[in-house]
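As provided, query13.cif (mmCIF, C-alpha atoms) reads as follows.
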data_coords
loop_
_atom_site.label_atom_id
_atom_site.label_comp_id
_atom_site.auth_asym_id
_atom_site.auth_seq_id
_atom_site.Cartn_x
_atom_site.Cartn_y
_atom_site.Cartn_z
CA MET Z 1 79.49 117.28 119.50
CA LYS Z 2 80.62 113.72 119.04
CA ARG Z 3 78.49 113.44 115.92
CA HIS Z 4 80.05 116.63 114.51
CA HIS Z 5 83.53 115.18 114.97
CA LEU Z 6 82.57 111.91 113.36
CA LYS Z 7 80.90 113.54 110.39
CA ASN Z 8 83.62 116.00 109.40
CA LEU Z 9 86.22 113.26 109.55
CA PHE Z 10 88.07 114.54 106.49
CA ILE Z 11 89.20 117.63 108.45
CA GLU Z 12 90.60 115.46 111.25
CA HIS Z 13 92.37 113.19 108.75
CA SER Z 14 93.89 116.12 106.87
CA LEU Z 15 95.00 117.77 110.14
CA LYS Z 16 96.55 114.48 111.23
CA ASN Z 17 98.54 114.42 107.96
CA VAL Z 18 99.93 117.88 108.75
CA LEU Z 19 100.68 116.93 112.34
CA ASP Z 20 102.57 113.82 111.17
CA PHE Z 21 104.51 115.95 108.69
CA PHE Z 22 105.61 118.49 111.32
CA ARG Z 23 106.31 115.82 113.94
CA GLU Z 24 108.46 113.89 111.48
CA ALA Z 25 110.41 117.02 110.51
CA VAL Z 26 110.94 118.14 114.13
CA PHE Z 27 112.01 114.66 115.32
CA SER Z 28 114.46 114.35 112.44
CA GLU Z 29 116.02 117.73 113.22
CA GLU Z 30 116.28 116.89 116.93
CA ILE Z 31 117.93 113.52 116.29
CA ALA Z 32 120.19 114.98 113.60
CA ARG Z 33 121.48 117.56 116.11
CA SER Z 34 122.11 115.06 118.90
CA ARG Z 35 125.45 113.24 119.39
CA GLY Z 36 125.95 109.81 117.87
CA LEU Z 37 127.83 107.67 115.39
CA LEU Z 38 125.89 108.55 112.23
CA GLN Z 39 125.73 112.23 113.15
CA LEU Z 40 129.54 112.31 112.88
CA LEU Z 41 129.43 111.40 109.19
CA SER Z 42 128.93 113.97 106.45
CA PRO Z 43 125.60 113.79 104.55
CA LYS Z 44 127.46 112.97 101.33
CA VAL Z 45 129.13 109.92 102.91
CA LYS Z 46 125.81 108.88 104.45
CA ILE Z 47 124.03 108.99 101.10
CA ILE Z 48 126.73 106.78 99.53
CA ILE Z 49 126.61 104.29 102.44
CA LEU Z 50 122.78 104.29 102.42
CA VAL Z 51 122.62 103.51 98.70
CA ALA Z 52 125.24 100.75 99.15
CA CYS Z 53 123.28 99.24 102.08
CA LEU Z 54 120.01 99.35 100.11
CA ILE Z 55 121.63 97.68 97.10
CA MET Z 56 123.11 94.99 99.37
CA THR Z 57 119.69 94.42 100.95
CA VAL Z 58 117.76 94.17 97.69
CA PHE Z 59 120.34 91.73 96.26
CA ALA Z 60 120.34 89.52 99.41
CA ARG Z 61 118.83 86.06 98.94
CA SER Z 62 119.10 84.56 102.41
CA VAL Z 63 116.91 85.26 105.45
CA GLY Z 64 119.96 84.90 107.72
CA PHE Z 65 121.89 87.60 105.88
CA LEU Z 66 118.88 89.93 105.90
CA LEU Z 67 118.47 89.33 109.64
CA ALA Z 68 122.15 90.26 110.14
CA LEU Z 69 121.62 93.46 108.10
CA TYR Z 70 118.50 94.26 110.13
CA LEU Z 71 120.53 93.88 113.35
CA VAL Z 72 123.08 96.31 111.88
CA THR Z 73 120.31 98.91 111.48
CA ILE Z 74 119.34 98.46 115.15
CA LEU Z 75 122.98 98.81 116.25
CA LEU Z 76 123.32 101.94 114.11
CA ALA Z 77 120.16 103.37 115.69
CA LEU Z 78 121.42 102.60 119.22
CA SER Z 79 124.87 104.06 118.56
CA SER Z 80 123.30 107.20 117.07
CA GLY Z 81 121.26 108.01 120.17
CA ILE Z 82 117.89 107.07 118.68
CA ASN Z 83 115.33 105.79 121.19
CA ILE Z 84 114.92 102.16 120.16
CA ILE Z 85 111.17 102.03 120.88
CA PHE Z 86 110.67 105.15 118.75
CA PHE Z 87 112.84 103.63 116.02
CA LEU Z 88 110.98 100.30 115.96
CA LYS Z 89 107.61 102.08 115.95
CA ARG Z 90 108.75 104.43 113.21
CA VAL Z 91 110.06 101.54 111.08
CA TRP Z 92 107.24 99.04 111.54
CA PHE Z 93 104.43 101.51 111.08
CA PHE Z 94 103.26 101.46 108.26
CA ILE Z 95 105.07 99.71 105.40
CA PRO Z 96 106.43 96.56 107.14
CA ILE Z 97 103.08 95.92 108.92
CA PHE Z 98 101.26 96.32 105.61
CA THR Z 99 103.84 94.04 103.95
CA LEU Z 100 103.43 91.46 106.73
CA PHE Z 101 99.67 91.55 106.20
CA ILE Z 102 99.90 91.03 102.44
CA ALA Z 103 102.62 88.36 102.85
CA ILE Z 104 100.36 86.03 104.91
CA PRO Z 105 98.57 84.50 101.87
CA ALA Z 106 102.00 84.08 100.22
CA VAL Z 107 102.95 81.60 103.00
CA PHE Z 108 100.34 79.20 101.58
CA MET Z 109 101.11 79.94 97.94
CA GLU Z 110 104.90 80.25 97.93
CA GLY Z 111 105.95 78.82 101.29
CA TRP Z 112 107.19 80.54 104.44
CA HIS Z 113 110.71 81.22 103.05
CA SER Z 114 109.46 83.56 100.30
CA ALA Z 115 107.09 85.35 102.69
CA VAL Z 116 109.75 85.83 105.41
CA LEU Z 117 112.34 86.89 102.82
CA PHE Z 118 109.91 89.47 101.43
CA VAL Z 119 108.98 90.95 104.82
CA MET Z 120 112.59 90.95 106.08
CA ARG Z 121 113.85 92.62 102.90
CA VAL Z 122 111.25 95.39 103.03
CA THR Z 123 111.74 95.95 106.79
CA THR Z 124 115.54 96.10 106.46
CA CYS Z 125 115.31 98.56 103.55
CA VAL Z 126 112.90 100.80 105.48
CA SER Z 127 115.15 100.58 108.58
CA PHE Z 128 118.26 101.60 106.63
CA ALA Z 129 116.43 104.49 104.96
CA ILE Z 130 115.08 105.75 108.29
CA VAL Z 131 118.27 105.39 110.34
CA PHE Z 132 120.29 107.33 107.77
CA THR Z 133 117.76 110.05 106.93
CA ILE Z 134 116.59 110.66 110.50
CA THR Z 135 120.18 111.37 111.64
CA THR Z 136 120.68 113.98 108.91
CA SER Z 137 119.25 117.48 108.80
CA HIS Z 138 116.79 117.63 105.89
CA ASP Z 139 118.39 120.81 104.66
CA ARG Z 140 121.93 119.34 104.62
CA LEU Z 141 120.71 116.08 103.11
CA ILE Z 142 119.20 117.88 100.11
CA LYS Z 143 122.23 120.15 99.63
CA SER Z 144 124.61 117.17 99.72
CA LEU Z 145 122.83 115.62 96.72
CA ARG Z 146 124.75 118.11 94.58
CA SER Z 147 128.05 116.49 95.60
CA VAL Z 148 126.88 113.00 94.61
CA GLY Z 149 126.35 114.07 91.00
CA LEU Z 150 122.75 115.31 90.76
CA PRO Z 151 122.27 118.34 88.44
CA PRO Z 152 122.56 121.64 90.40
CA VAL Z 153 119.22 122.97 89.05
CA PHE Z 154 117.46 119.82 90.26
CA VAL Z 155 119.04 120.17 93.72
CA ASP Z 156 118.12 123.90 93.82
CA VAL Z 157 114.49 123.02 93.07
CA LEU Z 158 114.50 120.24 95.71
CA ASP Z 159 116.02 122.62 98.25
CA MET Z 160 113.49 125.36 97.59
CA THR Z 161 110.57 122.88 97.58
CA GLN Z 162 111.67 121.46 100.91
CA ARG Z 163 111.83 124.94 102.48
CA TYR Z 164 108.55 126.31 101.12
CA LEU Z 165 106.72 123.08 101.85
CA PHE Z 166 106.61 124.14 105.49
CA LEU Z 167 104.90 127.38 104.54
CA PHE Z 168 102.35 125.51 102.42
CA MET Z 169 101.74 123.06 105.27
CA LYS Z 170 101.10 125.94 107.64
CA VAL Z 171 98.59 127.47 105.20
CA PHE Z 172 97.00 124.03 104.74
CA GLU Z 173 96.67 123.60 108.51
CA GLU Z 174 95.19 127.08 108.99
CA MET Z 175 92.63 126.48 106.22
CA HIS Z 176 91.39 123.35 107.97
CA LEU Z 177 91.46 124.86 111.45
CA SER Z 178 89.50 127.91 110.31
CA LEU Z 179 86.90 125.67 108.63
CA LYS Z 180 86.70 123.49 111.73
CA SER Z 181 86.19 126.53 113.98
CA ARG Z 182 83.32 127.78 111.80
CA LEU Z 183 81.42 124.51 111.62
CA VAL Z 184 78.57 123.70 113.98
CA LYS Z 185 77.19 120.76 112.03
CA ASP Z 186 78.17 118.29 109.36
CA LEU Z 187 79.30 119.92 106.13
CA GLY Z 188 78.18 116.95 104.05
CA PRO Z 189 80.28 115.14 101.45
CA LYS Z 190 79.29 117.32 98.46
CA ARG Z 191 80.06 120.64 100.15
CA SER Z 192 83.20 119.15 101.69
CA ARG Z 193 84.48 118.13 98.27
CA ARG Z 194 83.65 121.56 96.83
CA TRP Z 195 85.48 123.23 99.69
CA ILE Z 196 88.53 121.00 99.11
CA ALA Z 197 88.51 121.76 95.37
CA SER Z 198 88.30 125.51 96.04
CA ARG Z 199 91.25 125.29 98.48
CA ILE Z 200 93.35 123.29 95.98
CA ALA Z 201 92.60 125.91 93.31
CA PHE Z 202 93.44 128.69 95.77
CA LEU Z 203 96.75 127.03 96.66
CA PHE Z 204 97.60 126.67 92.98
CA ARG Z 205 97.02 130.36 92.33
CA ARG Z 206 98.97 131.23 95.45
CA SER Z 207 101.87 129.00 94.39
CA LEU Z 208 102.06 130.81 91.03
CA LYS Z 209 101.97 134.22 92.70
CA MET Z 210 104.61 133.25 95.27
CA SER Z 211 106.89 131.73 92.65
CA GLU Z 212 106.78 135.02 90.74
CA ASP Z 213 107.49 137.02 93.92
CA VAL Z 214 110.40 134.76 94.85
CA TYR Z 215 111.78 134.98 91.31
CA MET Z 216 111.70 138.78 91.51
CA ALA Z 217 113.46 138.62 94.87
CA MET Z 218 116.07 136.27 93.38
CA LEU Z 219 116.65 138.66 90.47
CA ALA Z 220 117.01 141.55 92.91
CA ARG Z 221 119.73 139.57 94.69
CA GLY Z 222 121.61 138.87 91.45
CA TYR Z 223 120.44 135.31 90.71
CA ALA Z 224 120.47 135.82 86.91
CA ALA Z 225 123.96 137.32 87.03
CA LYS Z 226 125.16 134.28 88.95
CA GLU Z 227 123.67 132.02 86.29
CA LYS Z 228 125.53 133.88 83.54
CA GLU Z 229 128.82 133.54 85.43
CA CYS Z 230 128.28 129.76 85.59
CA MET X 1 100.72 103.50 94.58
CA HIS X 2 104.10 104.43 96.16
CA ILE X 3 106.23 101.30 95.75
CA PRO X 4 108.48 100.77 98.80
CA ASP X 5 112.04 99.40 98.73
CA GLY X 6 112.20 95.61 98.53
CA TYR X 7 109.04 95.05 96.48
CA LEU X 8 110.88 95.18 93.16
CA SER X 9 114.14 93.50 92.18
CA PRO X 10 117.20 95.76 91.85
CA GLN X 11 117.22 94.99 88.12
CA THR X 12 113.65 96.31 87.78
CA GLY X 13 114.47 99.38 89.90
CA GLY X 14 117.61 100.03 87.83
CA PHE X 15 115.74 99.58 84.57
CA PHE X 16 113.23 102.30 85.51
CA TYR X 17 115.96 104.69 86.63
CA LEU X 18 117.61 104.21 83.21
CA PHE X 19 114.26 104.51 81.40
CA MET X 20 113.40 107.75 83.19
CA MET X 21 116.76 109.46 82.65
CA PRO X 22 116.22 110.54 79.02
CA LEU X 23 112.67 111.57 79.92
CA TRP X 24 113.87 113.73 82.82
CA PHE X 25 116.53 115.19 80.54
CA ALA X 26 113.97 115.96 77.81
CA ALA X 27 111.56 117.44 80.39
CA SER X 28 114.25 119.70 81.85
CA LYS X 29 115.22 120.91 78.35
CA ILE X 30 111.60 121.62 77.34
CA VAL X 31 110.67 123.32 80.61
CA GLY X 32 114.00 125.21 80.84
CA LYS X 33 113.53 126.61 77.33
CA THR X 34 110.23 128.29 78.22
CA LEU X 35 110.89 129.23 81.84
CA LYS X 36 114.65 129.96 81.78
CA ALA X 37 115.87 131.31 85.17
CA ARG X 38 112.25 131.43 86.38
CA GLN X 39 112.18 127.61 86.40
CA VAL X 40 113.65 127.08 89.88
CA PRO X 41 110.96 128.95 91.90
CA TYR X 42 108.19 127.94 89.46
CA LEU X 43 108.99 124.23 89.70
CA ALA X 44 109.68 124.37 93.45
CA PHE X 45 106.34 126.00 94.26
CA SER X 46 104.51 123.69 91.87
CA ALA X 47 106.16 120.67 93.52
CA SER X 48 105.05 121.96 96.94
CA PHE X 49 101.56 122.30 95.46
CA VAL X 50 101.64 118.64 94.27
CA PHE X 51 102.82 117.54 97.71
CA ILE X 52 99.93 119.44 99.31
CA ILE X 53 97.28 117.93 96.97
CA MET X 54 98.22 114.52 98.38
CA MET X 55 97.63 115.81 101.94
CA PHE X 56 93.94 116.62 101.36
CA ASN X 57 91.64 113.88 102.61
CA VAL X 58 88.59 113.74 100.39
CA PRO X 59 85.28 112.33 101.72
CA MET X 60 83.86 109.62 99.47
CA PRO X 61 80.40 108.05 99.26
CA GLY X 62 80.11 105.32 101.89
CA GLY X 63 81.92 107.33 104.58
CA SER X 64 85.49 106.56 103.59
CA THR X 65 88.15 109.15 102.80
CA GLY X 66 91.11 109.01 100.44
CA HIS X 67 93.58 111.32 98.80
CA ALA X 68 94.18 112.27 95.17
CA VAL X 69 97.59 112.23 93.46
CA GLY X 70 96.68 115.19 91.24
CA GLY X 71 98.84 114.03 88.31
CA THR X 72 96.35 114.89 85.56
CA LEU X 73 95.27 118.09 87.31
CA VAL X 74 98.87 119.32 87.38
CA ALA X 75 99.37 118.28 83.73
CA VAL X 76 96.24 120.24 82.70
CA LEU X 77 97.50 123.29 84.61
CA LEU X 78 101.25 123.18 83.86
CA GLY X 79 101.59 120.88 80.84
CA PRO X 80 102.72 117.22 80.95
CA TRP X 81 106.49 117.89 80.85
CA ALA X 82 106.44 120.35 83.74
CA ALA X 83 104.07 117.96 85.57
CA MET X 84 106.63 115.19 85.13
CA ILE X 85 109.33 117.28 86.80
CA VAL X 86 107.23 118.56 89.70
CA ILE X 87 105.77 115.13 90.50
CA THR X 88 109.31 113.69 90.37
CA ILE X 89 110.47 116.37 92.85
CA ALA X 90 107.54 115.60 95.18
CA LEU X 91 108.23 111.84 94.96
CA VAL X 92 111.96 112.29 95.67
CA ILE X 93 111.20 114.41 98.75
CA GLN X 94 108.62 111.87 99.95
CA ALA X 95 111.08 108.98 99.51
CA LEU X 96 114.17 110.71 100.86
CA LEU X 97 112.78 112.70 103.78
CA PHE X 98 109.55 110.97 104.76
CA GLY X 99 110.06 107.31 103.81
CA ASP X 100 107.00 107.35 101.54
CA GLY X 101 108.07 105.18 98.59
CA GLY X 102 111.41 103.44 98.27
CA ILE X 103 114.71 105.04 97.27
CA THR X 104 115.57 102.12 94.95
CA ALA X 105 112.01 102.38 93.57
CA VAL X 106 112.12 106.12 92.78
CA GLY X 107 112.60 105.36 89.06
CA ALA X 108 109.60 103.00 88.99
CA ASN X 109 107.42 105.34 91.06
CA CYS X 110 108.32 108.24 88.76
CA PHE X 111 107.56 106.10 85.70
CA ASN X 112 104.09 105.30 87.06
CA MET X 113 103.10 108.57 88.70
CA ALA X 114 105.25 111.23 87.00
CA PHE X 115 105.21 109.85 83.45
CA ILE X 116 102.32 107.43 82.76
CA LEU X 117 99.78 109.25 84.92
CA PRO X 118 100.17 112.86 83.72
CA PHE X 119 100.81 111.97 80.06
CA THR X 120 97.86 109.54 79.80
CA GLY X 121 95.62 111.96 81.67
CA TYR X 122 96.72 114.99 79.68
CA TYR X 123 96.31 113.42 76.22
CA ILE X 124 92.90 111.96 77.10
CA TYR X 125 91.96 115.47 78.27
CA ARG X 126 93.17 116.97 74.97
CA LEU X 127 91.42 114.29 72.94
CA ILE X 128 88.03 114.77 74.61
CA SER X 129 88.14 118.56 75.03
CA LEU X 130 89.18 119.15 71.35
CA LYS X 131 88.54 122.81 70.56
CA SER X 132 85.98 123.47 73.28
CA SER X 133 86.28 126.76 75.15
CA ARG X 134 88.29 126.98 78.36
CA GLY X 135 85.18 127.62 80.39
CA SER X 136 83.10 124.76 78.98
CA LEU X 137 81.73 121.83 80.94
CA ARG X 138 83.22 119.55 78.29
CA ARG X 139 86.74 120.63 79.36
CA ALA X 140 86.08 119.85 83.01
CA LEU X 141 84.59 116.45 82.10
CA ALA X 142 87.56 115.79 79.81
CA ALA X 143 89.94 116.55 82.69
CA ALA X 144 87.95 114.21 84.97
CA ALA X 145 88.09 111.42 82.37
CA GLY X 146 91.81 112.04 81.93
CA ALA X 147 92.32 111.86 85.69
CA TYR X 148 90.33 108.61 85.98
CA PHE X 149 92.09 106.81 83.14
CA GLY X 150 95.46 108.36 83.99
CA ILE X 151 95.49 106.88 87.49
CA LEU X 152 94.10 103.62 86.10
CA ALA X 153 96.99 103.43 83.62
CA ALA X 154 99.46 104.11 86.45
CA ALA X 155 97.82 101.35 88.53
CA LEU X 156 98.00 98.98 85.54
CA PHE X 157 101.75 99.53 85.18
CA THR X 158 102.29 99.24 88.95
CA GLY X 159 100.40 95.91 88.87
CA ILE X 160 102.53 94.70 85.95
CA GLU X 161 105.74 95.70 87.77
CA PHE X 162 104.64 93.74 90.86
CA GLY X 163 103.28 90.83 88.81
CA ILE X 164 106.43 90.17 86.77
CA GLN X 165 108.65 89.83 89.87
CA PRO X 166 107.87 86.15 90.63
CA ILE X 167 108.16 85.30 86.92
CA LEU X 168 111.57 86.95 86.42
CA TYR X 169 113.23 86.67 89.82
CA HIS X 170 112.93 83.42 91.74
CA THR X 171 115.06 80.76 93.39
CA ALA X 172 116.12 77.56 91.61
CA ASP X 173 113.01 75.80 92.99
CA GLY X 174 110.73 78.56 91.68
CA LYS X 175 110.09 80.49 94.92
CA SER X 176 109.76 84.25 94.49
CA LEU X 177 112.47 86.57 95.80
CA TYR X 178 110.57 89.87 95.72
CA CYS X 179 106.85 90.71 95.48
CA PRO X 180 105.39 87.18 95.77
CA TYR X 181 102.20 87.71 93.72
CA GLY X 182 102.05 87.12 89.99
CA LEU X 183 100.09 89.03 87.38
CA ASN X 184 96.93 86.99 88.12
CA VAL X 185 96.80 88.53 91.64
CA ALA X 186 98.68 91.85 91.39
CA LEU X 187 96.84 93.16 88.32
CA PRO X 188 93.23 92.62 89.52
CA VAL X 189 94.06 93.99 93.00
CA MET X 190 95.71 97.15 91.66
CA LEU X 191 93.09 97.73 88.96
CA LEU X 192 90.01 97.01 91.07
CA GLU X 193 90.85 99.42 93.89
CA HIS X 194 91.56 102.16 91.35
CA LEU X 195 88.51 101.35 89.21
CA LEU X 196 86.22 101.44 92.23
CA LEU X 197 87.73 104.03 94.58
CA PHE X 198 90.93 105.93 93.80
CA GLY X 199 90.03 106.61 90.16
CA TRP X 200 86.84 108.32 91.30
CA ILE X 201 88.64 110.42 93.92
CA GLU X 202 91.08 111.55 91.24
CA ALA X 203 88.27 112.32 88.75
CA ILE X 204 86.02 114.17 91.23
CA VAL X 205 88.84 116.32 92.66
CA THR X 206 90.14 117.17 89.17
CA PHE X 207 86.64 118.01 87.89
CA LEU X 208 85.80 120.27 90.84
CA VAL X 209 89.13 122.12 90.78
CA ILE X 210 88.84 122.75 87.02
CA ARG X 211 85.21 123.93 87.43
CA TYR X 212 86.33 126.31 90.18
CA LEU X 213 89.18 127.68 88.07
CA GLN X 214 86.88 128.04 85.05
CA LYS X 215 84.78 130.46 87.09
CA GLU X 216 87.67 132.27 88.82
CA ASP X 217 90.47 132.36 86.23
CA PRO X 218 90.07 130.21 83.08
CA SER X 219 93.41 131.46 81.69
CA LEU X 220 95.17 129.12 84.13
CA ILE X 221 93.85 126.04 82.29
CA LEU X 222 95.83 124.74 79.30
#
Do you think you could lay out the structure here as C-alpha cells?
Amino acid sequence: MKRHHLKNLFIEHSLKNVLDFFREAVFSEEIARSRGLLQLLSPKVKIIILVACLIMTVFARSVGFLLALYLVTILLALSSGINIIFFLKRVWFFIPIFTLFIAIPAVFMEGWHSAVLFVMRVTTCVSFAIVFTITTSHDRLIKSLRSVGLPPVFVDVLDMTQRYLFLFMKVFEEMHLSLKSRLVKDLGPKRSRRWIASRIAFLFRRSLKMSEDVYMAMLARGYAAKEKEC
Amino acid sequence: MHIPDGYLSPQTGGFFYLFMMPLWFAASKIVGKTLKARQVPYLAFSASFVFIIMMFNVPMPGGSTGHAVGGTLVAVLLGPWAAMIVITIALVIQALLFGDGGITAVGANCFNMAFILPFTGYYIYRLISLKSSRGSLRRALAAAAGAYFGILAAALFTGIEFGIQPILYHTADGKSLYCPYGLNVALPVMLLEHLLLFGWIEAIVTFLVIRYLQKEDPSLIL
C-alpha cells in the first residue's frame, strides 16, 4: 500500500494543489467576512492603498524603512482579526523562504545589506498583497477592478473565470480521485503522462462546450441587447 | 517562472506594463472582431482551462514531478492572440487572489508567459508543421518543439530581466537594490533548469495532448 502511494505521487501532488486552492479560497472568504479594520474599507479603496504600499515598498532603499513597512503589515493583520501565526505562515511560505535561500550566496557576493534588503523587500511586498487580498471577498475584489479603470470586458472575463474556476477545480479533483480509487498498483510514468494528456484534452473540449452553453444562456437573458444599449 | 514583487525594480515593472498595453489592446481588438459577444464566456472558460493545466503534476523520468504552463498548447488550440489574453487573465487571477507572481510584476510575467511563450511556440509550430495535415505526427512534433523553445525563450527573457537589475539599479557603492544576481548567474540558472527539465515537461504534455486531439477531434487544432 505504501509503495502504491509512493509510486503514484503525481496524483497526490495534483490533489494537494486542489486542496490548497480550496483552502485558500475558503480562508479568504472567512477572513473577509469577519470584523476588522481592513474589512471596513471598500475593495476599491483597498486596491488603491495596496498599489500605493507596493510602490512605496519597491522604491524603498533602506532596511530600516522596509522593516517599518513590514511592521505595518503585521499591525494591519492584527487589527483585521487575522491569526498572526496563520498570517506569518501564509506569508513566509513559499516566496520569502525561497528568496532567503537564494539570497544566502548574495551575502558573500554583494554583502549582507543587499541580501537583507532583497529579502525584506520581497517579504514586505508579499505581506501587503496577502493582508489586503485576504480581507477582501474574491468576488468583490474582481468586481471593484472596474471602478479603478480596467476595461469592463476584461473585468467581466476575470469575474467569470474566477467563478467557473471552482467548477473546473471540482472536475479536476474528481478526475484524480476516480483514478486513485481505481488503481491497485503503480500506473507508471508513461501511462500517467498519457492519462494527464487525455484529461487536459477532455477539459479543453469541455471548456469549449461550456462556453457555448453559457453564451446561449447569456443571450437568452438579454446579454447582447445590453451590449447594444452600451 | 512567476516573478514575485520585489525581484524587479519599479522602473522595470512599469516598463513591461507599458510595453504590454498596446499588445493587450491589439489582442482584444483581434479576438473581439472574430468572437464578438461570445468573447466573454469563451475567454473566461479558456482562462480557467489554462489555470487548470498548471495544476496537473506530471511525472518525469527520475521520479520528480513538475507542471506545464501550456502556453504553446493554448496558442496551437486558440491562436496566439487569444492565448495572450487567456494567459494574462490566468496570471492576473494568480497574482491578485493567490499571491502567485507579483502585482507589480504582472506586466513582466505577462510579457514572458503570455507574449514571448505563446508567440515563439506558435510560430515555431507553424514553421515546422508547414502544410502537413492536422492529424500528422509532424504537427504533434512541431507543437512539442514549439512548446520546448517557447518556454526556453520565456526563461531567457526572465533571466535577462533578473540579470539586468544589479547593472541598472544599485547603490552609489555598486551594491544591488533588487535581484542581486547579474546576467552571468541569472541566465545560466534560468536556461539550464528549462533546458533540462521544464522544457521537456512542456514539450511532452503538448505532444501528448495534440496526439490525443488528433485522434479524437483534429478540427480543434489550428
List every residue of chain Z that has an atom at most 7 Å from any atom of chain X, giving for each one its closest atom pair and the distance in Å to one decimal, counting all atoms listed in the file, sorted by chain and then by ascending residue number, as a Markdown table.
| residue | atom | partner | partner_atom | distance |
| --- | --- | --- | --- | --- |
| Z:Phe10 | CA | X:Asn57 | CA | 5.3 |
| Z:His13 | CA | X:Asn57 | CA | 6.2 |
| Z:Ser14 | CA | X:Asn57 | CA | 5.3 |
| Z:Asn17 | CA | X:Met55 | CA | 6.2 |
| Z:Val58 | CA | X:Gly6 | CA | 5.8 |
| Z:Phe59 | CA | X:Pro10 | CA | 6.7 |
| Z:Ala106 | CA | X:Pro180 | CA | 6.4 |
| Z:Glu110 | CA | X:Lys175 | CA | 6.0 |
| Z:Ser114 | CA | X:Ser176 | CA | 5.9 |
| Z:Phe118 | CA | X:Tyr178 | CA | 5.8 |
| Z:Arg121 | CA | X:Gly6 | CA | 5.5 |
| Z:Val122 | CA | X:Gly6 | CA | 4.6 |
| Z:Cys125 | CA | X:Asp5 | CA | 5.9 |
| Z:Val126 | CA | X:Asp5 | CA | 6.9 |
| Z:Ile130 | CA | X:Gly99 | CA | 6.9 |
| Z:Thr133 | CA | X:Leu97 | CA | 6.5 |
| Z:His138 | CA | X:Leu97 | CA | 6.7 |
| Z:Val153 | CA | X:Val40 | CA | 7.0 |
| Z:Asp156 | CA | X:Val40 | CA | 6.8 |
| Z:Val157 | CA | X:Ala44 | CA | 5.0 |
| Z:Leu158 | CA | X:Ile89 | CA | 6.3 |
| Z:Met160 | CA | X:Ala44 | CA | 5.7 |
| Z:Thr161 | CA | X:Ala44 | CA | 4.5 |
| Z:Tyr164 | CA | X:Ser48 | CA | 7.0 |
| Z:Leu165 | CA | X:Ser48 | CA | 5.3 |
| Z:Pro189 | CA | X:Pro59 | CA | 5.7 |
| Z:Arg193 | CA | X:Val58 | CA | 6.4 |
| Z:Arg194 | CA | X:Leu208 | CA | 6.5 |
| Z:Ala197 | CA | X:Val209 | CA | 4.6 |
| Z:Ser198 | CA | X:Tyr212 | CA | 6.2 |
| Z:Ile200 | CA | X:Ile53 | CA | 6.7 |
| Z:Ala201 | CA | X:Val209 | CA | 5.7 |
| Z:Leu203 | CA | X:Phe49 | CA | 6.9 |
| Z:Phe204 | CA | X:Phe49 | CA | 6.4 |
| Z:Ser207 | CA | X:Phe45 | CA | 5.4 |
| Z:Leu208 | CA | X:Tyr42 | CA | 6.9 |
| Z:Ser211 | CA | X:Pro41 | CA | 5.0 |
| Z:Val214 | CA | X:Pro41 | CA | 6.5 |
| Z:Tyr215 | CA | X:Arg38 | CA | 6.1 |
| Z:Ala224 | CA | X:Ala37 | CA | 6.7 |
- Do you know which residues lie at most 10 Å from (112.3, 99.1, 87.2), with coordinates as in the file and all atoms listed in the file counted, and could you write them as a ChimeraX atom specification? /X:8-20,104-109,111,161
- Minimum-distance residue to Leu66 of chain Z, chosen among Z:Ala52, Z:Ala129, Z:Val119, Z:Leu145 (using all atoms listed in the file): Z:Val119
- Message: Can you translate the PyMOL selection byres ((chain X and resi 150) around 10) into the concrete residues it hits in this file, as a ChimeraX atom specification?
- Response: /X:71-72,112-113,115-125,143-149,151-156,199,202-203
- Item | Of the listed residues Z:Lys209, Z:Arg61, Z:Arg182, Z:His176, that which approaches Leu117 of chain Z most closely, counting all atoms listed in the file |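 Using all atoms listed in the file, Leu117 of chain Z sits closest to Z:Arg61.
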- Query: Can you tell me how far atom CA of Phe202 of chain Z sits from atom CA of Ile87 of chain X, in Å to one decimal?
  - Reply: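 Atom CA of Ile87 of chain X lies 19.1 Å from atom CA of Phe202 of chain Z.
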